[in-house]
>>> print(open('my_file_10.txt').read())   # compact mmCIF, C-alpha atoms
# COMPACT_ATOMS: atom_id res chain seq x y z
CA MET J 1 227.51 95.83 213.02
CA LYS J 2 228.77 98.53 210.73
CA ARG J 3 226.17 99.50 208.22
CA SER J 4 227.09 98.87 204.60
CA ASN J 5 227.09 101.79 202.17
CA GLU J 6 226.44 99.37 199.32
CA PRO J 7 222.66 100.06 199.03
CA ILE J 8 223.34 103.72 198.19
CA PHE J 9 225.72 102.87 195.35
CA TRP J 10 223.52 100.03 194.18
CA SER J 11 220.44 102.28 194.03
CA LEU J 12 222.31 104.87 191.97
CA PHE J 13 223.62 102.07 189.73
CA GLY J 14 220.12 100.67 189.32
CA ALA J 15 218.50 104.05 188.65
CA GLY J 16 221.14 104.93 186.05
CA GLY J 17 220.89 101.53 184.39
CA MET J 18 217.11 101.80 184.21
CA LEU J 19 217.20 105.34 182.80
CA ALA J 20 219.82 104.29 180.23
CA ALA J 21 217.81 101.21 179.28
CA LEU J 22 214.57 103.15 178.87
CA ILE J 23 215.68 106.28 176.98
CA GLY J 24 219.44 105.85 176.34
CA PRO J 25 219.18 104.72 172.70
CA ALA J 26 216.83 107.61 171.86
CA LEU J 27 219.13 110.17 173.52
CA VAL J 28 222.23 108.91 171.68
CA PHE J 29 220.35 108.92 168.39
CA ILE J 30 219.10 112.49 168.93
CA THR J 31 222.23 114.19 170.32
CA GLY J 32 224.87 112.19 168.46
CA ILE J 33 223.42 111.26 165.08
CA ALA J 34 220.09 112.81 164.06
CA VAL J 35 220.53 116.45 165.12
CA PRO J 36 224.23 116.92 164.17
CA PHE J 37 223.61 115.36 160.76
CA GLY J 38 220.23 116.95 160.06
CA LEU J 39 217.91 113.93 160.15
CA PHE J 40 214.31 113.77 161.39
CA PHE J 41 214.54 116.88 163.63
CA LYS J 42 214.69 120.60 162.86
CA PRO J 43 218.34 121.65 162.42
CA ASP J 44 218.15 124.15 165.30
CA THR J 45 216.83 121.56 167.80
CA MET J 46 220.08 121.72 169.79
CA SER J 47 220.90 125.37 169.07
CA TYR J 48 222.41 127.51 171.83
CA ALA J 49 219.12 129.39 172.31
CA HIS J 50 217.07 126.19 172.63
CA MET J 51 219.51 124.41 174.93
CA LEU J 52 219.89 127.52 177.10
CA ALA J 53 216.10 127.87 177.43
CA PHE J 54 215.84 124.16 178.25
CA SER J 55 218.44 124.33 181.01
CA GLN J 56 216.91 127.52 182.43
CA SER J 57 213.72 125.63 183.33
CA TRP J 58 213.71 123.54 186.48
CA ALA J 59 212.32 120.54 184.60
CA GLY J 60 215.19 120.86 182.11
CA LYS J 61 217.81 121.20 184.87
CA ILE J 62 216.52 118.11 186.66
CA PHE J 63 216.42 116.10 183.43
CA VAL J 64 219.97 117.05 182.38
CA LEU J 65 221.34 116.40 185.87
CA ALA J 66 219.50 113.06 186.11
CA VAL J 67 220.87 111.83 182.79
CA ILE J 68 224.50 112.91 183.35
CA ALA J 69 224.76 112.02 187.05
CA LEU J 70 222.87 108.72 186.99
CA PHE J 71 224.70 107.52 183.86
CA LEU J 72 228.00 108.32 185.60
CA TRP J 73 227.04 106.53 188.85
CA HIS J 74 225.76 103.54 186.89
CA ALA J 75 229.00 103.30 184.90
CA ALA J 76 231.18 103.92 187.98
CA HIS J 77 229.65 100.96 189.81
CA ARG J 78 230.11 98.59 186.88
CA ILE J 79 233.63 99.76 186.03
CA HIS J 80 234.60 99.39 189.69
CA ILE J 81 233.55 95.72 189.59
CA LEU J 82 235.02 95.26 186.11
CA LEU J 83 238.47 96.34 187.31
CA HIS J 84 238.24 93.76 190.09
CA ASP J 85 237.32 91.12 187.49
CA PHE J 86 240.45 91.99 185.53
CA GLY J 87 242.62 91.53 188.58
CA VAL J 88 242.97 95.08 189.89
CA HIS J 89 242.65 94.48 193.60
CA ALA J 90 243.52 97.92 194.96
CA VAL J 91 239.96 98.15 196.29
CA THR J 92 240.18 101.57 197.94
CA ALA J 93 242.00 103.22 195.04
CA VAL J 94 239.52 101.79 192.51
CA ARG J 95 236.55 102.93 194.58
CA VAL J 96 237.95 106.43 195.03
CA LEU J 97 238.67 106.65 191.30
CA CYS J 98 235.26 105.35 190.11
CA TYR J 99 232.87 106.82 192.66
CA GLY J 100 235.05 109.93 193.02
CA GLY J 101 234.82 110.46 189.26
CA ALA J 102 231.04 110.09 189.31
CA PHE J 103 230.84 112.44 192.30
CA ALA J 104 233.03 115.05 190.58
CA GLY J 105 230.90 114.84 187.41
CA THR J 106 227.71 115.24 189.45
CA VAL J 107 229.08 118.31 191.25
CA ILE J 108 230.28 119.93 187.99
CA ALA J 109 226.91 119.28 186.30
CA ALA J 110 224.89 120.56 189.28
CA TYR J 111 227.08 123.67 189.66
CA THR J 112 226.90 124.49 185.92
CA LEU J 113 223.12 124.08 185.90
CA LEU J 114 222.71 126.29 188.96
CA MET J 115 224.88 128.99 187.36
CA ILE J 116 222.66 129.06 184.26
CA LYS J 117 220.14 131.68 185.36
CA ALA J 118 216.86 132.51 183.71
CA MET A 1 259.64 76.95 204.58
CA SER A 2 258.97 74.19 202.12
CA ASN A 3 260.11 74.33 198.54
CA ARG A 4 256.78 73.16 197.26
CA ARG A 5 255.52 75.19 194.37
CA PRO A 6 251.94 74.02 194.02
CA TYR A 7 250.21 74.50 190.68
CA VAL A 8 247.89 77.47 190.73
CA ARG A 9 245.66 77.75 187.73
CA SER A 10 246.04 81.12 186.04
CA MET A 11 243.01 83.39 186.05
CA ASP A 12 244.12 85.14 182.87
CA GLY A 13 241.31 85.34 180.36
CA TRP A 14 238.91 83.58 182.74
CA TRP A 15 235.94 85.30 181.16
CA LYS A 16 236.65 83.71 177.77
CA ARG A 17 236.18 80.20 179.16
CA ASP A 18 232.41 80.10 179.11
CA PRO A 19 229.73 81.76 176.92
CA TYR A 20 227.95 82.78 180.12
CA PHE A 21 231.05 84.72 181.27
CA ILE A 22 231.41 86.31 177.83
CA ARG A 23 227.82 87.58 178.01
CA TYR A 24 228.50 88.83 181.52
CA MET A 25 231.59 90.69 180.31
CA ALA A 26 229.81 92.14 177.28
CA ARG A 27 227.07 93.43 179.56
CA GLU A 28 229.47 94.98 182.07
CA VAL A 29 231.73 96.57 179.42
CA THR A 30 228.76 98.62 178.13
CA ALA A 31 229.41 100.79 181.20
CA VAL A 32 232.59 102.19 179.62
CA PHE A 33 230.52 103.55 176.72
CA VAL A 34 227.79 104.84 179.04
CA ALA A 35 230.50 106.74 180.93
CA ALA A 36 232.01 108.11 177.70
CA TYR A 37 228.62 109.36 176.53
CA ALA A 38 227.86 110.94 179.92
CA VAL A 39 231.24 112.74 179.89
CA LEU A 40 230.56 114.04 176.37
CA LEU A 41 227.18 115.41 177.53
CA LEU A 42 228.86 116.92 180.59
CA VAL A 43 231.37 118.70 178.35
CA GLY A 44 228.44 120.00 176.30
CA LEU A 45 226.74 121.30 179.44
CA VAL A 46 229.91 123.05 180.65
CA ARG A 47 230.33 124.59 177.16
CA LEU A 48 226.69 125.75 177.31
CA GLY A 49 227.45 127.50 180.61
CA GLN A 50 230.46 129.23 179.02
CA GLY A 51 228.38 130.94 176.34
CA GLU A 52 227.29 130.74 172.73
CA ALA A 53 230.71 130.56 171.04
CA ALA A 54 231.90 127.74 173.31
CA PHE A 55 228.67 125.78 172.84
CA ASN A 56 228.74 126.20 169.06
CA GLY A 57 232.27 124.80 169.09
CA TRP A 58 230.98 121.71 170.86
CA LEU A 59 228.11 121.40 168.33
CA GLN A 60 230.59 121.63 165.44
CA TYR A 61 232.71 118.95 167.07
CA LEU A 62 229.71 116.61 167.06
CA LYS A 63 229.58 116.90 163.26
CA THR A 64 233.06 115.43 162.73
CA PRO A 65 233.19 111.96 161.15
CA TRP A 66 234.93 110.50 164.21
CA MET A 67 232.10 111.62 166.46
CA LEU A 68 229.59 110.04 164.07
CA VAL A 69 231.50 106.73 164.26
CA PHE A 70 231.69 107.12 168.05
CA HIS A 71 227.94 107.72 168.35
CA LEU A 72 227.05 104.83 166.02
CA ILE A 73 229.07 102.52 168.27
CA VAL A 74 227.54 104.05 171.41
CA LEU A 75 224.05 103.65 169.94
CA ALA A 76 224.66 99.95 169.27
CA VAL A 77 226.08 99.51 172.78
CA PHE A 78 223.09 101.30 174.37
CA CYS A 79 220.70 99.02 172.47
CA TYR A 80 222.65 96.06 173.82
CA HIS A 81 222.51 97.60 177.30
CA THR A 82 218.71 97.88 177.05
CA TRP A 83 218.38 94.28 175.92
CA SER A 84 220.76 92.88 178.54
CA TRP A 85 219.33 95.06 181.34
CA PHE A 86 215.87 93.60 180.95
CA ASN A 87 217.28 90.17 180.15
CA ILE A 88 218.84 89.92 183.63
CA MET A 89 216.01 91.78 185.35
CA PRO A 90 214.14 88.59 186.31
CA LYS A 91 217.25 87.75 188.38
CA THR A 92 217.98 91.20 189.80
CA MET A 93 214.49 92.14 190.96
CA PRO A 94 212.55 90.55 193.84
CA ILE A 95 210.32 87.66 192.82
CA MET A 96 206.93 89.03 191.83
CA PHE A 97 203.55 87.36 192.13
CA VAL A 98 200.39 88.32 190.28
CA GLY A 99 197.17 86.56 191.26
CA GLY A 100 199.13 83.99 193.32
CA LYS A 101 201.28 82.98 190.35
CA ARG A 102 204.93 83.84 189.91
CA VAL A 103 205.53 86.25 187.04
CA GLN A 104 207.58 84.37 184.43
CA PRO A 105 211.07 85.68 183.49
CA GLY A 106 210.04 86.06 179.86
CA ALA A 107 207.12 88.28 180.84
CA ILE A 108 209.41 90.60 182.87
CA THR A 109 211.93 90.89 180.04
CA GLY A 110 209.20 91.42 177.46
CA THR A 111 207.45 94.10 179.51
CA GLY A 112 210.75 95.93 180.06
CA LEU A 113 211.67 95.87 176.39
CA ALA A 114 208.19 97.06 175.39
CA ALA A 115 208.46 99.89 177.95
CA SER A 116 211.84 100.89 176.42
CA VAL A 117 210.46 101.01 172.89
CA ILE A 118 207.55 103.18 174.06
CA ALA A 119 209.83 105.45 176.13
CA CYS A 120 212.29 105.90 173.25
CA LEU A 121 209.52 106.71 170.76
CA ALA A 122 208.00 109.14 173.27
CA VAL A 123 211.36 110.95 173.68
CA LEU A 124 211.85 111.12 169.90
CA PHE A 125 208.42 112.63 169.30
CA ILE A 126 208.54 115.01 172.28
CA VAL A 127 211.89 116.39 171.07
CA ARG A 128 210.58 116.62 167.51
CA GLY A 129 207.57 118.57 168.73
CA MET A 130 209.54 120.85 171.09
CA SER A 131 211.64 123.03 168.84
>>> encode(input="my_file_10.txt", output="structure tokens")
Amino acid sequence: MKRSNEPIFWSLFGAGGMLAALIGPALVFITGIAVPFGLFFKPDTMSYAHMLAFSQSWAGKIFVLAVIALFLWHAAHRIHILLHDFGVHAVTAVRVLCYGGAFAGTVIAAYTLLMIKA
Amino acid sequence: MSNRRPYVRSMDGWWKRDPYFIRYMAREVTAVFVAAYAVLLLVGLVRLGQGEAAFNGWLQYLKTPWMLVFHLIVLAVFCYHTWSWFNIMPKTMPIMFVGGKRVQPGAITGTGLAASVIACLAVLFIVRGMS
């Protein structure tokens, strides 16, 4: 029997969903609302110097990659099923588009992080 | 070939037929916003790699009113994601037993939501303390 590749995609979906459920609201509040509009945090929290220093550390690189990549894989899996629910039955095309998009995003994020040297 | 044209019920708008399907759809559609937020962060990361001027441009863009509206919607959707994620968790995870008794669905959902509140507060205070 051919082995299914479903567990890989489902694990990435689950990990992304869990990460988003645990810290997603806090991240959106920080990066999208509080810091840009000067609430609760110091105004330079997301300054170039701070963000550069953060993504120069290995802990920072792993965190940024985990958030971007896992969110993308989580969303790709759900959108892939969602398109099926709305009657788009081009299974291969939908899979290539969704998982391919998540893969491309992961590669771009990983490459950018690796190029940011200390 | 016969000329029969049997009635086939349309599947259009199937998810509006039942509150259960509507909740399912609401939960799944959150993914579109999760993807949008991830792409925005990815753009920010790429801009960071391009240097200070590029990154500052991205930061300025975040301050536009449309991005505030976008993030307020995304925040609401993420809160719904958190709630729905732990709401369905009793069904998505393997059945768990503690002391020979099955862990009740409400306990799983409650523990998950409590963990989220703690994790979010931890992130907020770590970031506040960092800079």
>>> interface_residues(input="my_file_10.txt", of="chain A", to="chain J", cutoff="6 Å", atoms="all atoms listed in the file", output="PyMOL selection string")
chain A and resi 31+35+38+52+63+71+75+78-79+82+116+119-120+128+131
>>> atom_distance(input="my_file_10.txt", atom1="atom CA of Thr109 of chain A", atom2="atom CA of Phe70 of chain A")
28.2 Å
>>> atom_distance(input="my_file_10.txt", atom1="atom CA of Trp15 of chain A", atom2="atom CA of Thr92 of chain J")
23.8 Å
>>> atom_distance(input="my_file_10.txt", atom1="atom CA of Val77 of chain A", atom2="atom CA of Gln104 of chain A")
26.6 Å
>>> closest_residue(input="my_file_10.txt", among="A:Val46, A:Val127, A:Val39, A:Met89", to="Val103 of chain A", atoms="all atoms listed in the file")
A:Met89
>>> residues_around(input="my_file_10.txt", residues="segment 8-14 of chain A", least_positions_apart="3", cutoff="12 Å", atoms="only C-alpha atoms", output="JSON, numbers by chain")
{"J": [85, 86, 87], "A": [4, 5, 17, 18, 19, 20, 21, 22, 24, 25]}
>>> axis_aligned_box(input="my_file_10.txt", around="segment 111-118 of chain A", padding_each_side="6 Å", output="JSON")
{"center_x": 209.6, "center_y": 98.6, "center_z": 176.5, "size_x": 16.4, "size_y": 21.1, "size_z": 19.2}
>>> closest_residue(input="my_file_10.txt", among="A:Leu121, A:Val29, A:Leu42, A:Ala107", to="Trp58 of chain A", atoms="only C-alpha atoms")
A:Leu42
>>> closest_residue(input="my_file_10.txt", among="J:Phe103, J:Leu39, J:Ala110, J:Val91", to="Phe63 of chain J", atoms="all atoms listed in the file")
J:Ala110
>>> closest_residue(input="my_file_10.txt", among="A:Val74, A:Leu68, A:Leu59, A:Ala115", to="Phe33 of chain A", atoms="all atoms listed in the file")
A:Val74
>>> build_atoms(input="my_file_10.txt", residues="segment 71-107 of chain J", atoms="N, CA and C atoms", output="compact mmCIF listing (two decimals), in the coordinates of the input")
# COMPACT_ATOMS: atom_id res chain seq x y z
N PHE J 71 223.88 108.30 184.79
CA PHE J 71 224.70 107.52 183.86
C PHE J 71 226.09 107.32 184.45
N LEU J 72 226.65 108.41 185.03
CA LEU J 72 228.00 108.32 185.60
C LEU J 72 228.04 107.36 186.78
N TRP J 73 227.05 107.42 187.69
CA TRP J 73 227.04 106.53 188.85
C TRP J 73 226.84 105.08 188.43
N HIS J 74 225.99 104.89 187.42
CA HIS J 74 225.76 103.54 186.89
C HIS J 74 227.07 102.97 186.36
N ALA J 75 227.75 103.77 185.52
CA ALA J 75 229.00 103.30 184.90
C ALA J 75 230.08 103.11 185.97
N ALA J 76 230.15 104.01 186.94
CA ALA J 76 231.18 103.92 187.98
C ALA J 76 231.08 102.59 188.73
N HIS J 77 229.84 102.20 189.06
CA HIS J 77 229.65 100.96 189.81
C HIS J 77 230.10 99.74 189.00
N ARG J 78 229.73 99.74 187.71
CA ARG J 78 230.11 98.59 186.88
C ARG J 78 231.60 98.55 186.61
N ILE J 79 232.20 99.72 186.33
CA ILE J 79 233.63 99.76 186.03
C ILE J 79 234.43 99.35 187.26
N HIS J 80 233.96 99.75 188.42
CA HIS J 80 234.60 99.39 189.69
C HIS J 80 234.66 97.86 189.85
N ILE J 81 233.57 97.18 189.49
CA ILE J 81 233.55 95.72 189.59
C ILE J 81 234.37 95.10 188.45
N LEU J 82 234.29 95.75 187.28
CA LEU J 82 235.02 95.26 186.11
C LEU J 82 236.53 95.23 186.38
N LEU J 83 237.05 96.28 187.01
CA LEU J 83 238.47 96.34 187.31
C LEU J 83 238.87 95.20 188.24
N HIS J 84 238.00 94.90 189.20
CA HIS J 84 238.24 93.76 190.09
C HIS J 84 238.30 92.47 189.27
N ASP J 85 237.36 92.33 188.32
CA ASP J 85 237.32 91.12 187.49
C ASP J 85 238.60 90.94 186.68
N PHE J 86 239.22 92.08 186.31
CA PHE J 86 240.45 91.99 185.53
C PHE J 86 241.69 91.97 186.41
N GLY J 87 241.49 91.76 187.70
CA GLY J 87 242.62 91.53 188.58
C GLY J 87 243.22 92.76 189.21
N VAL J 88 242.50 93.89 189.17
CA VAL J 88 242.97 95.08 189.89
C VAL J 88 242.36 95.03 191.28
N HIS J 89 243.20 94.72 192.27
CA HIS J 89 242.65 94.48 193.60
C HIS J 89 242.90 95.61 194.58
N ALA J 90 243.34 96.75 194.08
CA ALA J 90 243.52 97.92 194.96
C ALA J 90 242.13 98.51 195.22
N VAL J 91 241.38 97.86 196.12
CA VAL J 91 239.96 98.15 196.29
C VAL J 91 239.70 99.63 196.58
N THR J 92 240.43 100.18 197.54
CA THR J 92 240.18 101.57 197.94
C THR J 92 240.47 102.53 196.79
N ALA J 93 241.62 102.32 196.14
CA ALA J 93 242.00 103.22 195.04
C ALA J 93 240.96 103.17 193.92
N VAL J 94 240.50 101.95 193.58
CA VAL J 94 239.52 101.79 192.51
C VAL J 94 238.21 102.48 192.87
N ARG J 95 237.80 102.30 194.13
CA ARG J 95 236.55 102.93 194.58
C ARG J 95 236.64 104.44 194.52
N VAL J 96 237.77 104.97 195.02
CA VAL J 96 237.95 106.43 195.03
C VAL J 96 237.92 106.96 193.60
N LEU J 97 238.60 106.24 192.69
CA LEU J 97 238.67 106.65 191.30
C LEU J 97 237.28 106.63 190.65
N CYS J 98 236.55 105.51 190.79
CA CYS J 98 235.26 105.35 190.11
C CYS J 98 234.18 106.23 190.73
N TYR J 99 233.94 106.05 192.02
CA TYR J 99 232.87 106.82 192.66
C TYR J 99 233.27 108.29 192.78
N GLY J 100 234.58 108.55 192.97
CA GLY J 100 235.05 109.93 193.02
C GLY J 100 234.82 110.63 191.69
N GLY J 101 235.06 109.91 190.60
CA GLY J 101 234.82 110.46 189.26
C GLY J 101 233.35 110.80 189.06
N ALA J 102 232.48 109.87 189.45
CA ALA J 102 231.04 110.09 189.31
C ALA J 102 230.60 111.27 190.18
N PHE J 103 231.18 111.35 191.39
CA PHE J 103 230.84 112.44 192.30
C PHE J 103 231.28 113.78 191.70
N ALA J 104 232.51 113.81 191.17
CA ALA J 104 233.03 115.05 190.58
C ALA J 104 232.14 115.48 189.41
N GLY J 105 231.76 114.53 188.55
CA GLY J 105 230.90 114.84 187.41
C GLY J 105 229.55 115.39 187.86
N THR J 106 229.00 114.79 188.92
CA THR J 106 227.71 115.24 189.45
C THR J 106 227.81 116.67 189.96
N VAL J 107 228.90 116.97 190.69
CA VAL J 107 229.08 118.31 191.25
C VAL J 107 229.24 119.34 190.12
